[in-house]
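S.K.: Got a file for you: upload30.tsv, TSV, C-alpha atoms.
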chain	number	residue	atom	x	y	z
R	1	MET	CA	1.15	1.27	20.45
R	2	ARG	CA	-2.58	0.94	20.85
R	3	PHE	CA	-2.99	-1.99	18.46
R	4	GLU	CA	-4.69	-5.32	19.14
R	5	TRP	CA	-1.92	-7.78	19.97
R	6	ALA	CA	-3.18	-10.76	17.96
R	7	SER	CA	-3.89	-8.71	14.81
R	8	SER	CA	-0.85	-6.45	14.99
R	9	LEU	CA	1.71	-6.39	12.21
R	10	LYS	CA	4.47	-7.16	14.69
R	11	PHE	CA	2.71	-10.35	15.82
R	12	ARG	CA	2.08	-11.47	12.25
R	13	ILE	CA	5.69	-10.89	11.20
R	14	THR	CA	6.87	-12.81	14.26
R	15	MET	CA	4.53	-15.70	13.49
R	16	ILE	CA	5.60	-15.83	9.85
R	17	PHE	CA	9.25	-15.78	10.93
R	18	ALA	CA	8.62	-18.53	13.52
R	19	LEU	CA	6.71	-20.63	10.99
R	20	GLY	CA	9.53	-20.28	8.46
R	21	MET	CA	12.11	-21.29	11.05
R	22	ALA	CA	9.97	-24.25	12.15
R	23	ILE	CA	9.60	-25.49	8.58
R	24	ALA	CA	13.34	-25.07	7.92
R	25	PHE	CA	14.20	-26.88	11.18
R	26	SER	CA	11.74	-29.71	10.49
R	27	ILE	CA	13.30	-30.37	7.11
R	28	ASN	CA	16.84	-30.25	8.53
R	29	TRP	CA	15.76	-32.35	11.53
R	30	ILE	CA	14.34	-35.10	9.35
R	31	VAL	CA	17.37	-35.06	7.05
R	32	ALA	CA	19.74	-35.13	10.05
R	33	ILE	CA	17.93	-38.09	11.67
R	34	LYS	CA	17.96	-40.10	8.47
R	35	THR	CA	21.62	-39.26	7.83
R	36	ILE	CA	22.65	-40.22	11.38
R	37	HIS	CA	20.64	-43.46	11.17
R	38	THR	CA	22.31	-44.34	7.87
R	39	GLU	CA	25.79	-43.52	9.21
R	40	LYS	CA	25.26	-45.57	12.38
R	41	ALA	CA	23.98	-48.50	10.33
R	42	GLY	CA	27.13	-48.24	8.24
R	43	ASP	CA	29.28	-48.19	11.40
R	44	VAL	CA	27.52	-51.32	12.69
R	45	GLU	CA	28.14	-53.04	9.37
R	46	LYS	CA	31.86	-52.18	9.63
R	47	VAL	CA	32.00	-53.56	13.20
R	48	LEU	CA	30.35	-56.79	12.06
R	49	LYS	CA	32.80	-57.04	9.18
R	50	HIS	CA	35.71	-56.52	11.54
R	51	LEU	CA	34.28	-59.16	13.92
R	52	LEU	CA	34.00	-61.72	11.10
R	53	VAL	CA	37.52	-61.13	9.80
R	54	GLU	CA	39.04	-61.33	13.29
R	55	SER	CA	37.04	-64.45	14.14
R	56	THR	CA	38.15	-66.32	11.01
R	57	ASP	CA	41.75	-65.31	11.53
R	58	GLU	CA	42.03	-65.93	15.27
R	59	TYR	CA	39.29	-68.19	16.61
R	60	LEU	CA	37.96	-70.41	13.82
R	61	LEU	CA	40.58	-73.11	13.20
R	62	SER	CA	38.42	-75.85	11.65
R	63	PRO	CA	36.15	-75.64	8.58
R	64	LEU	CA	32.58	-74.42	9.30
R	65	THR	CA	29.26	-75.75	8.07
R	66	PRO	CA	25.66	-74.58	8.63
R	67	GLN	CA	25.48	-77.07	11.52
R	68	SER	CA	28.58	-75.71	13.31
R	69	ASP	CA	28.14	-74.41	16.89
R	70	LEU	CA	29.35	-70.80	17.14
R	71	ASP	CA	28.21	-70.03	20.69
R	72	PHE	CA	31.80	-69.87	21.93
R	73	LEU	CA	32.39	-66.71	19.81
R	74	TYR	CA	29.87	-64.74	21.91
R	75	LYS	CA	31.93	-65.38	25.05
R	76	ILE	CA	35.32	-64.21	23.76
R	77	PRO	CA	36.31	-61.13	25.85
R	78	HIS	CA	37.66	-59.20	22.89
R	79	ILE	CA	34.43	-59.67	20.96
R	80	GLU	CA	32.35	-58.72	24.02
R	81	MET	CA	34.38	-55.52	24.43
R	82	LEU	CA	34.05	-54.77	20.73
R	83	LEU	CA	30.28	-55.20	20.85
R	84	SER	CA	29.82	-53.15	24.02
R	85	ASP	CA	31.37	-50.08	22.38
R	86	SER	CA	29.10	-50.24	19.32
R	87	GLU	CA	25.40	-50.10	18.38
R	88	VAL	CA	25.35	-53.83	17.56
R	89	SER	CA	22.17	-55.33	19.06
R	90	ARG	CA	21.22	-59.03	19.39
R	91	LEU	CA	24.20	-60.30	17.47
R	92	ASP	CA	23.51	-63.45	15.50
R	93	LEU	CA	26.41	-65.46	14.01
R	94	PHE	CA	25.58	-68.27	11.55
R	95	VAL	CA	26.88	-70.10	8.51
R	96	SER	CA	24.90	-70.31	5.28
R	97	GLU	CA	25.37	-71.46	1.72
R	98	ARG	CA	24.73	-67.93	0.40
R	99	PRO	CA	25.25	-64.42	1.87
R	100	HIS	CA	22.25	-63.53	4.04
R	101	PRO	CA	20.43	-60.43	2.67
R	102	ALA	CA	19.98	-57.28	4.78
R	103	SER	CA	16.54	-55.75	5.43
R	104	ASP	CA	14.92	-52.59	6.91
R	105	THR	CA	15.19	-54.12	10.37
R	106	LEU	CA	18.36	-56.14	10.01
R	107	ILE	CA	22.00	-55.22	9.30
R	108	VAL	CA	24.03	-58.12	7.88
R	109	SER	CA	27.70	-58.55	7.03
R	110	SER	CA	29.02	-61.72	5.31
R	111	ILE	CA	32.43	-63.23	4.55
R	112	ARG	CA	33.21	-66.16	2.28
R	113	LEU	CA	34.94	-69.14	3.91
R	114	PRO	CA	37.57	-71.32	2.16
R	115	ASN	CA	35.11	-74.21	1.87
R	116	GLY	CA	32.59	-72.09	-0.08
R	117	TYR	CA	30.18	-71.40	2.79
R	118	TYR	CA	29.48	-67.90	4.15
R	119	LEU	CA	29.92	-66.75	7.72
R	120	ASN	CA	27.22	-64.13	8.53
R	121	ALA	CA	26.88	-61.63	11.38
R	122	ALA	CA	23.47	-59.97	11.84
R	123	SER	CA	22.29	-57.14	14.11
R	124	ASP	CA	18.91	-55.45	14.50
R	125	HIS	CA	18.28	-51.64	14.71
R	126	ARG	CA	17.21	-51.34	18.33
R	127	LYS	CA	20.35	-49.67	19.67
R	128	ILE	CA	20.57	-47.47	16.58
R	129	ASP	CA	16.91	-46.41	16.88
R	130	HIS	CA	17.36	-45.69	20.58
R	131	ALA	CA	20.49	-43.58	19.97
R	132	VAL	CA	18.89	-41.67	17.10
R	133	ARG	CA	15.76	-41.06	19.18
R	134	ARG	CA	17.81	-39.59	22.04
R	135	TYR	CA	19.68	-37.38	19.57
R	136	ALA	CA	16.41	-36.25	17.95
R	137	GLU	CA	14.90	-35.34	21.33
R	138	LYS	CA	18.03	-33.40	22.32
R	139	LEU	CA	18.04	-31.60	18.96
R	140	LEU	CA	14.33	-30.75	19.33
R	141	SER	CA	14.76	-29.33	22.85
R	142	ARG	CA	17.67	-27.20	21.66
R	143	PHE	CA	15.59	-25.94	18.75
R	144	VAL	CA	12.68	-24.95	21.00
R	145	LEU	CA	15.04	-23.04	23.27
R	146	SER	CA	16.80	-21.43	20.31
R	147	LEU	CA	13.48	-20.50	18.71
R	148	PHE	CA	12.29	-18.88	21.93
R	149	LEU	CA	15.48	-16.81	22.24
R	150	ILE	CA	15.41	-15.85	18.57
R	151	LEU	CA	11.75	-14.79	18.76
R	152	VAL	CA	12.49	-12.65	21.82
R	153	ILE	CA	15.26	-10.93	19.86
R	154	VAL	CA	13.00	-10.57	16.79
R	155	VAL	CA	10.19	-9.03	18.87
R	156	TRP	CA	12.64	-6.59	20.44
R	157	ILE	CA	14.04	-5.60	17.02
R	158	LEU	CA	10.53	-5.24	15.52
R	159	ASN	CA	9.43	-3.17	18.48
R	160	HIS	CA	12.46	-0.91	18.03
R	161	TYR	CA	12.03	-0.43	14.28
R	162	MET	CA	8.23	-0.12	14.41
R	163	LYS	CA	8.22	2.39	17.25
R	164	PRO	CA	7.89	5.29	14.72
R	165	LEU	CA	4.47	3.88	13.77
R	166	GLY	CA	3.40	4.25	17.39
R	167	ILE	CA	4.73	7.81	17.43
R	168	LEU	CA	2.80	8.52	14.21
R	169	ALA	CA	-0.42	7.17	15.74
R	170	ARG	CA	0.11	9.13	18.97
R	171	LYS	CA	0.80	12.41	17.15
R	172	THR	CA	-2.26	11.86	14.99
R	173	ARG	CA	-4.49	11.31	18.02
R	174	GLU	CA	-3.07	14.29	19.88
R	175	TRP	CA	-3.13	16.71	16.95
R	176	ARG	CA	-5.44	19.68	17.23
R	177	LYS	CA	-6.19	22.32	14.65
R	178	ASP	CA	-4.02	25.44	14.55
R	179	THR	CA	-1.06	23.45	15.89
R	180	PRO	CA	1.92	22.27	13.81
R	181	PHE	CA	1.60	18.72	12.55
R	182	ASP	CA	5.16	17.40	12.70
R	183	LEU	CA	5.47	13.80	11.54
R	184	GLU	CA	9.13	13.76	10.52
R	185	GLN	CA	10.70	10.41	11.39
R	186	LYS	CA	14.45	10.70	10.78
R	187	GLU	CA	15.35	7.44	12.52
R	188	ALA	CA	12.60	5.38	10.89
R	189	ALA	CA	12.99	2.91	8.05
R	190	THR	CA	12.44	4.10	4.48
R	191	GLU	CA	8.92	2.64	4.19
R	192	ILE	CA	7.79	4.23	7.44
R	193	ARG	CA	9.30	7.59	6.42
R	194	GLU	CA	7.36	7.43	3.16
R	195	VAL	CA	4.11	6.70	5.00
R	196	SER	CA	4.88	9.46	7.50
R	197	ASN	CA	5.64	12.04	4.79
R	198	ALA	CA	2.58	11.06	2.74
R	199	PHE	CA	0.35	11.25	5.83
R	200	ALA	CA	1.77	14.64	6.82
R	201	ALA	CA	1.18	15.95	3.29
R	202	LEU	CA	-2.41	14.67	3.41
R	203	VAL	CA	-3.04	16.39	6.73
R	204	ARG	CA	-1.61	19.65	5.40
R	205	ARG	CA	-3.85	19.43	2.34
R	206	LEU	CA	-6.88	18.69	4.50
R	207	GLU	CA	-6.06	21.60	6.77
R	208	ALA	CA	-5.60	23.93	3.80
R	209	TYR	CA	-8.88	22.69	2.37
R	210	ARG	CA	-10.63	23.26	5.69
R	211	GLN	CA	-9.23	26.79	5.93
R	212	LYS	CA	-10.27	27.50	2.34
R	213	GLU	CA	-13.80	26.32	3.04
R	214	ALA	CA	-13.95	28.40	6.22
R	215	GLN	CA	-12.71	31.48	4.34
R	216	LEU	CA	-15.20	30.88	1.54
R	217	PHE	CA	-18.05	30.56	4.02
R	218	LYS	CA	-16.94	33.76	5.73
R	219	GLU	CA	-16.75	35.66	2.45
R	220	GLY	CA	-20.04	34.23	1.25
R	221	ALA	CA	-21.82	35.15	4.48
R	222	HIS	CA	-20.40	38.68	4.27
R	223	GLU	CA	-21.51	39.18	0.66
R	224	LEU	CA	-24.97	37.69	1.24
R	225	LYS	CA	-25.73	39.95	4.19
R	226	THR	CA	-26.13	43.01	1.95
R	227	PRO	CA	-29.02	41.80	-0.28
R	228	LEU	CA	-30.71	40.19	2.74
R	229	ALA	CA	-30.45	43.43	4.72
R	230	LEU	CA	-31.88	45.40	1.76
R	231	MET	CA	-34.81	42.99	1.48
R	232	ARG	CA	-35.47	43.25	5.22
R	233	SER	CA	-35.36	47.07	5.00
R	234	ARG	CA	-37.76	47.18	2.04
R	235	LEU	CA	-40.22	44.96	3.91
R	236	ASP	CA	-40.03	47.24	6.96
R	237	VAL	CA	-40.58	50.35	4.82
R	238	TYR	CA	-43.45	48.72	2.93
R	239	GLU	CA	-45.05	47.60	6.18
R	240	ALA	CA	-44.70	51.00	7.88
R	241	SER	CA	-45.81	53.16	4.93
R	242	GLU	CA	-49.35	53.30	3.54
R	243	TYR	CA	-48.23	55.21	0.43
R	244	TYR	CA	-45.39	52.88	-0.69
R	245	ASP	CA	-46.14	51.89	-4.28
R	246	LYS	CA	-46.75	48.14	-4.55
R	247	GLU	CA	-45.44	47.88	-8.11
R	248	ARG	CA	-42.24	49.66	-7.15
R	249	PHE	CA	-41.85	47.41	-4.10
R	250	VAL	CA	-42.29	44.24	-6.15
R	251	LYS	CA	-39.79	45.46	-8.75
R	252	GLU	CA	-37.15	46.39	-6.17
R	253	LEU	CA	-37.70	43.16	-4.21
R	254	ALA	CA	-37.35	41.14	-7.42
R	255	HIS	CA	-34.06	42.95	-8.09
R	256	ASP	CA	-32.85	42.08	-4.58
R	257	ILE	CA	-33.86	38.44	-5.05
R	258	GLU	CA	-32.02	38.33	-8.38
R	259	ARG	CA	-28.92	39.77	-6.75
R	260	LEU	CA	-29.18	37.27	-3.89
R	261	THR	CA	-29.58	34.42	-6.39
R	262	GLY	CA	-26.50	35.59	-8.27
R	263	GLU	CA	-24.39	35.75	-5.12
R	264	LEU	CA	-25.60	32.27	-4.08
R	265	LYS	CA	-24.64	30.97	-7.50
R	266	ASN	CA	-21.18	32.45	-7.05
R	267	VAL	CA	-20.78	30.85	-3.63
R	268	LEU	CA	-22.09	27.44	-4.67
R	269	PHE	CA	-19.96	27.37	-7.82
R	270	LEU	CA	-16.79	26.66	-5.92
R	271	GLU	CA	-18.47	24.15	-3.52
R	272	SER	CA	-15.48	21.82	-3.17
R	273	SER	CA	-12.54	20.69	-5.24
R	274	ASP	CA	-11.20	17.15	-5.21
R	275	PHE	CA	-7.56	16.42	-4.51
R	276	GLU	CA	-6.08	16.00	-7.97
R	277	GLU	CA	-2.61	15.58	-9.33
R	278	PRO	CA	-1.78	17.77	-12.38
R	279	VAL	CA	-1.99	16.06	-15.77
R	280	LEU	CA	-1.04	17.23	-19.27
R	281	LEU	CA	-4.10	18.57	-21.13
R	282	ASP	CA	-4.55	19.76	-24.72
R	283	LEU	CA	-6.53	23.04	-24.57
R	284	LYS	CA	-7.87	22.52	-28.10
R	285	GLN	CA	-9.51	19.24	-27.15
R	286	VAL	CA	-10.81	20.79	-23.91
R	287	ALA	CA	-12.32	23.81	-25.74
R	288	GLU	CA	-13.94	21.64	-28.45
R	289	ALA	CA	-15.48	19.37	-25.79
R	290	LEU	CA	-16.89	22.35	-23.86
R	291	VAL	CA	-18.39	23.91	-27.02
R	292	ARG	CA	-20.09	20.61	-27.89
R	293	LYS	CA	-21.40	20.34	-24.33
R	294	MET	CA	-22.93	23.85	-24.51
R	295	GLY	CA	-24.30	23.46	-28.03
R	296	ILE	CA	-27.93	23.94	-26.90
R	297	LEU	CA	-27.12	27.27	-25.20
R	298	ILE	CA	-25.24	28.49	-28.27
R	299	GLU	CA	-28.11	27.50	-30.57
R	300	ARG	CA	-30.74	29.09	-28.35
R	301	LYS	CA	-29.06	32.50	-28.43
R	302	LYS	CA	-28.01	32.05	-32.08
R	303	LEU	CA	-24.35	32.63	-31.26
R	304	SER	CA	-21.20	31.71	-33.14
R	305	VAL	CA	-18.17	30.40	-31.25
R	306	GLU	CA	-14.80	30.91	-32.92
R	307	LEU	CA	-12.03	28.48	-31.93
R	308	PRO	CA	-8.37	29.17	-32.71
R	309	GLU	CA	-6.49	26.79	-34.97
R	310	VAL	CA	-3.34	26.83	-32.85
R	311	MET	CA	-3.52	25.71	-29.24
R	312	PHE	CA	-1.05	24.53	-26.61
R	313	ARG	CA	-0.91	22.06	-23.75
R	314	VAL	CA	-1.02	22.83	-20.03
R	315	SER	CA	-0.32	20.87	-16.85
R	316	ALA	CA	-3.21	21.27	-14.39
R	317	PRO	CA	-5.79	19.32	-12.32
R	318	GLU	CA	-8.17	18.11	-15.03
R	319	LYS	CA	-11.53	18.34	-13.23
R	320	LEU	CA	-10.84	21.77	-11.76
R	321	LEU	CA	-9.55	23.20	-15.06
R	322	LEU	CA	-12.63	21.91	-16.90
R	323	LYS	CA	-14.80	23.43	-14.20
R	324	VAL	CA	-13.17	26.85	-14.51
R	325	LEU	CA	-13.08	26.96	-18.33
R	326	GLY	CA	-16.62	25.58	-18.47
R	327	ALA	CA	-17.89	28.34	-16.14
R	328	LEU	CA	-16.08	31.06	-18.08
R	329	LEU	CA	-17.40	29.85	-21.45
R	330	GLU	CA	-20.91	29.28	-20.11
R	331	ASN	CA	-21.07	32.79	-18.73
R	332	ALA	CA	-19.68	34.26	-21.92
R	333	ILE	CA	-22.45	32.47	-23.84
R	334	THR	CA	-25.18	33.22	-21.28
R	335	TYR	CA	-24.45	36.94	-20.94
R	336	ALA	CA	-23.52	37.66	-24.58
R	337	THR	CA	-25.84	39.57	-26.86
R	338	ALA	CA	-27.95	37.35	-29.09
R	339	ASN	CA	-26.69	36.80	-32.67
R	340	SER	CA	-23.15	37.81	-31.68
R	341	ILE	CA	-19.80	36.02	-31.70
R	342	VAL	CA	-18.00	34.49	-28.74
R	343	GLN	CA	-14.29	34.41	-29.53
R	344	ILE	CA	-11.74	32.03	-28.01
R	345	GLU	CA	-8.24	33.21	-28.85
R	346	THR	CA	-4.79	31.88	-27.95
R	347	LEU	CA	-1.21	33.10	-28.04
R	348	PRO	CA	0.92	29.94	-27.77
R	349	SER	CA	4.13	31.98	-27.52
R	350	GLU	CA	2.77	33.71	-24.41
R	351	ARG	CA	0.78	30.63	-23.31
R	352	SER	CA	-2.39	32.69	-22.92
R	353	MET	CA	-6.04	32.01	-23.73
R	354	SER	CA	-8.81	34.63	-24.02
R	355	ILE	CA	-12.60	34.35	-24.02
R	356	ARG	CA	-14.36	37.45	-25.41
R	357	ASN	CA	-18.06	38.20	-25.73
R	358	THR	CA	-20.24	41.20	-26.42
R	359	ILE	CA	-21.84	42.65	-23.32
R	360	GLY	CA	-25.51	41.89	-22.87
R	361	ASN	CA	-27.96	43.15	-20.29
R	362	GLU	CA	-27.25	40.58	-17.58
R	363	LYS	CA	-24.50	40.82	-14.99
R	364	TYR	CA	-21.41	38.72	-15.62
R	365	LEU	CA	-20.65	36.06	-13.02
R	366	PHE	CA	-17.07	37.08	-12.27
R	367	SER	CA	-17.75	40.81	-12.27
R	368	SER	CA	-19.07	40.71	-8.70
R	369	LYS	CA	-16.82	41.10	-5.68
R	370	ILE	CA	-17.26	37.53	-4.52
R	371	GLY	CA	-16.82	36.31	-8.09
R	372	GLU	CA	-13.44	38.03	-8.24
R	373	LYS	CA	-12.35	36.43	-4.98
R	374	MET	CA	-13.51	33.06	-6.23
R	375	LEU	CA	-11.60	33.39	-9.50
R	376	LYS	CA	-8.48	34.47	-7.61
R	377	ARG	CA	-8.65	31.38	-5.42
R	378	LEU	CA	-9.25	29.11	-8.40
R	379	SER	CA	-6.32	30.62	-10.27
R	380	LEU	CA	-3.99	29.71	-7.40
R	381	GLU	CA	-5.41	26.21	-7.16
R	382	VAL	CA	-5.33	25.44	-10.89
R	383	GLY	CA	-2.15	27.39	-11.58
R	384	PHE	CA	-2.89	30.27	-13.97
R	385	GLY	CA	-2.88	34.05	-14.00
R	386	TYR	CA	-5.87	36.04	-15.19
R	387	GLN	CA	-6.79	39.50	-16.40
R	388	ILE	CA	-10.27	40.95	-16.95
R	389	THR	CA	-10.68	43.63	-19.62
R	390	GLN	CA	-13.93	45.45	-20.22
R	391	THR	CA	-14.91	47.97	-22.91
R	392	PRO	CA	-18.31	49.56	-23.51
R	393	THR	CA	-19.19	46.67	-25.85
R	394	THR	CA	-17.02	43.68	-24.94
R	395	TYR	CA	-15.95	41.67	-21.91
R	396	THR	CA	-12.71	39.69	-22.07
R	397	ILE	CA	-11.04	37.40	-19.59
R	398	THR	CA	-7.51	36.24	-20.37
R	399	LEU	CA	-5.85	33.27	-18.68
R	400	SER	CA	-2.06	32.88	-18.77
R	401	PHE	CA	-0.42	29.54	-17.98
R	402	PRO	CA	3.20	29.14	-16.82
R	403	GLN	CA	5.75	27.20	-18.85
R	404	ARG	CA	5.81	23.45	-18.19
Please rewrite the model in this file as structure tokens.
M.R.:
Amino acid sequence: MRFEWASSLKFRITMIFALGMAIAFSINWIVAIKTIHTEKAGDVEKVLKHLLVESTDEYLLSPLTPQSDLDFLYKIPHIEMLLSDSEVSRLDLFVSERPHPASDTLIVSSIRLPNGYYLNAASDHRKIDHAVRRYAEKLLSRFVLSLFLILVIVVWILNHYMKPLGILARKTREWRKDTPFDLEQKEAATEIREVSNAFAALVRRLEAYRQKEAQLFKEGAHELKTPLALMRSRLDVYEASEYYDKERFVKELAHDIERLTGELKNVLFLESSDFEEPVLLDLKQVAEALVRKMGILIERKKLSVELPEVMFRVSAPEKLLLKVLGALLENAITYATANSIVQIETLPSERSMSIRNTIGNEKYLFSSKIGEKMLKRLSLEVGFGYQITQTPTTYTITLSFPQR
């Protein structure tokens, strides 16, 4: 995969895993060292206790006092052998009036003598510390080796399970238009399959959008060629003829410009549509909002807009539906005869909505060829059927929405 090693997801997961293992080991390592130290100190205390009991039973025949010489006990072979097999260090045997207390650096065992004095055996921690240190170093070296082996296995597993991401990146780089974009990852983990499917869906939508834009441009260019060609022809005729009436030329050229402007308006209306998920919309609220928005146009032409009392709800992309209904209502208002009525009717049982206006002198937006194509494309994108009905006096467009 062509990712930077230090910032790759695989490296970060490995580092997090290694850090977690290091923290867990450190805690266990510290606990183990303290436990071993405590257990060894306890073993030394038991050895000292055993040494005192055996000494009083076997080797100490006369009563002891704090001034008694106990050097002979250090030279007894049995005691020497006992001490050599233990972690007792710098053994110190002495008699005191009270039991000698232990400390952080000293392990002490005491036994009461018949005369009321106490025989004490003391040992420091040097052998214990040395043994624990050797154990800690051995445990640490084993951990480092184990961590290295585990991380190698983790990297191999991550590389295996993240390979589909590399395939996804490679297919994305190598993809060219007009070729299938196959991103199906059957062997990948669930999360990677979801990313793969979502990315493939996005590419398909982008490709469909690109094709739609290309088709729209093609249709727009085709429809705009006619008024441009007529204008060019009129200019040629006017230039070549000395008897061509100027007033007639201006009138015909103005008509061509008006037609060109209308076709441009049709082309630019669609411009682009955002990727939207369908939402549930109340057509009554939508219609009321559009009528309020176009209040100035309605007032200027002294029109009345009739809204139905019964509406229904539809599932559609909100922005695109508002754009379509807004254009239909605006054109009905713009091209209606002054002082007339624009009717919005619904049939909830058939899930249809009609916009009807009286025909004025201006050309209706969707009555042109390119306007029809545009409305057809919008109907597929929004999800409705449409029918245009025209009589000598009225123009009606009916939209029918499928059942939810």
S.K.: Please report the interatomic distance between atom CA of Ile79 of chain R and atom CA of Val53 of chain R in Å with one decimal.
M.R.: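 Computed distance, atom CA of Ile79 of chain R to atom CA of Val53 of chain R, equals 11.7 Å.
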S.K.: Kindly give the distance, in Å, that separates atom CA of Ser103 of chain R and atom CA of Ser84 of chain R, rounded to a single decimal.
M.R.: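 Distance reported for this atom pair: 23.0 Å.
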S.K.: Extract, using all atoms listed in the file, all DNA, RNA and protein residues at most 12 Å from Pro101 of chain R, discarding same-chain residues fewer than 4 positions from it, and format them as a PDB file with C-alpha atoms, in the coordinates of the input.
M.R.:
ATOM      1  CA  SER R  96      24.900 -70.310   5.280  1.00  0.00           C
ATOM      2  CA  THR R 105      15.190 -54.120  10.370  1.00  0.00           C
ATOM      3  CA  LEU R 106      18.360 -56.140  10.010  1.00  0.00           C
ATOM      4  CA  ILE R 107      22.000 -55.220   9.300  1.00  0.00           C
ATOM      5  CA  VAL R 108      24.030 -58.120   7.880  1.00  0.00           C
ATOM      6  CA  SER R 109      27.700 -58.550   7.030  1.00  0.00           C
ATOM      7  CA  SER R 110      29.020 -61.720   5.310  1.00  0.00           C
ATOM      8  CA  TYR R 118      29.480 -67.900   4.150  1.00  0.00           C
ATOM      9  CA  ASN R 120      27.220 -64.130   8.530  1.00  0.00           C
ATOM     10  CA  ALA R 121      26.880 -61.630  11.380  1.00  0.00           C
ATOM     11  CA  ALA R 122      23.470 -59.970  11.840  1.00  0.00           C
TER      12      ALA R 122
END
S.K.: Of the candidates R:Asp236, R:Glu258, R:Glu213, R:Glu318, which one gets nearest to Leu281 of chain R if we count only C-alpha atoms?
M.R.: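 The shortest atom-to-atom distance to Leu281 of chain R comes from R:Glu318.
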S.K.: Which neighbours of segment 251-254 of chain R fall inside 10 Å, counting all atoms listed in the file, when residues of the same chain fewer than 5 positions from it are skipped, and could you give them as a PDB file with C-alpha atoms, in the frame of the given file?
M.R.:
ATOM      1  CA  PRO R 227     -29.020  41.800  -0.280  1.00  0.00           C
ATOM      2  CA  LEU R 230     -31.880  45.400   1.760  1.00  0.00           C
ATOM      3  CA  MET R 231     -34.810  42.990   1.480  1.00  0.00           C
ATOM      4  CA  ARG R 232     -35.470  43.250   5.220  1.00  0.00           C
ATOM      5  CA  ARG R 234     -37.760  47.180   2.040  1.00  0.00           C
ATOM      6  CA  LEU R 235     -40.220  44.960   3.910  1.00  0.00           C
ATOM      7  CA  LYS R 246     -46.750  48.140  -4.550  1.00  0.00           C
ATOM      8  CA  ARG R 259     -28.920  39.770  -6.750  1.00  0.00           C
ATOM      9  CA  LEU R 260     -29.180  37.270  -3.890  1.00  0.00           C
TER      10      LEU R 260
END
S.K.: So which one's closest to Val44 of chain R, R:Arg210, R:Ser123, R:Val286, R:Ile355? Using only C-alpha atoms, please.
M.R.: R:Ser123
S.K.: So what do you get for atom CA of Gly383 of chain R versus atom CA of Phe401 of chain R, distance-wise?
M.R.: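 Atom CA of Phe401 of chain R lies 7.0 Å from atom CA of Gly383 of chain R.
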S.K.: Edge lengths and centre, in Å to one decimal, as JSON: that's what I need for the box along x, y and z that holds all listed atoms of segment 30-33 of chain R plus 3 Å on each side.
M.R.:
{"center_x": 17.0, "center_y": -36.6, "center_z": 9.4, "size_x": 11.4, "size_y": 9.0, "size_z": 10.6}
S.K.: Could you check the closest approach to Leu9 of chain R for each of R:Asn159, R:Ser349, R:Gln390, R:Thr172 and tell me which residue wins, using all atoms listed in the file?
M.R.: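 Ranked by minimum distance to Leu9 of chain R, first place goes to R:Asn159.
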S.K.: May I ask which of the residues R:Asp245, R:Thr14, R:Ile388, R:Leu329 is the closest one to Ile153 of chain R, counting only C-alpha atoms?
M.R.: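 Nearest candidate to Ile153 of chain R out of R:Asp245, R:Thr14, R:Ile388, R:Leu329: R:Thr14.
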S.K.: Counting all atoms listed in the file, note down every residue that has an atom within 10 Å of the point (-23.7, 32.9, -31.0) (file coordinates), as a list in words.
M.R.: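 The distance filter leaves exactly Gly295, Leu297, Ile298, Glu299, Arg300, Lys301, Lys302, Leu303, Ser304, Val305, Glu306, Ile333, Thr334, Ala336, Thr337, Ala338, Asn339, Ser340, Ile341, Val342, Gln343 and Asn357 of chain R.
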S.K.: Find, counting all atoms listed in the file, the residue in R:His100, R:Lys284, R:Arg193, R:His255 that gets nearest to Met353 of chain R.
M.R.: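 Checking each candidate against Met353 of chain R, we get R:Lys284 as the closest.
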S.K.: For a quick check of understanding, using all atoms listed in the file, which of R:Gln67, R:Ser141, R:Ser352, R:Thr261 has the smallest distance to Gln403 of chain R?
M.R.: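 Using all atoms listed in the file, the shortest distance to Gln403 of chain R belongs to R:Ser352.
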S.K.: Around (7.0, -1.3, 14.7), as given in the file, which residues come within 12 Å? Count all atoms listed in the file and list them as a ChimeraX atom specification.
M.R.: /R:1-3,8-14,154-169,188-189,191-192
S.K.: So that I can see what lies close to Ala22 of chain R, please list as a list in words the residues with an atom at most 12 Å from it, counting all atoms listed in the file and leaving out residues fewer than 3 positions away in the same chain.
M.R.: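 Residues meeting the cut-off are Met15, Ile16, Phe17, Ala18, Leu19, Phe25, Ser26, Ile27, Asn28, Trp29, Leu140, Phe143, Val144, Ser146, Leu147, Phe148, Ile150 and Leu151 of chain R.
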S.K.: Could you list, as a ChimeraX atom specification, every residue within 12 Å of Ile36 of chain R, counting only C-alpha atoms and ignoring same-chain residues fewer than 6 positions away?
M.R.: /R:28-30,42-43,128-136
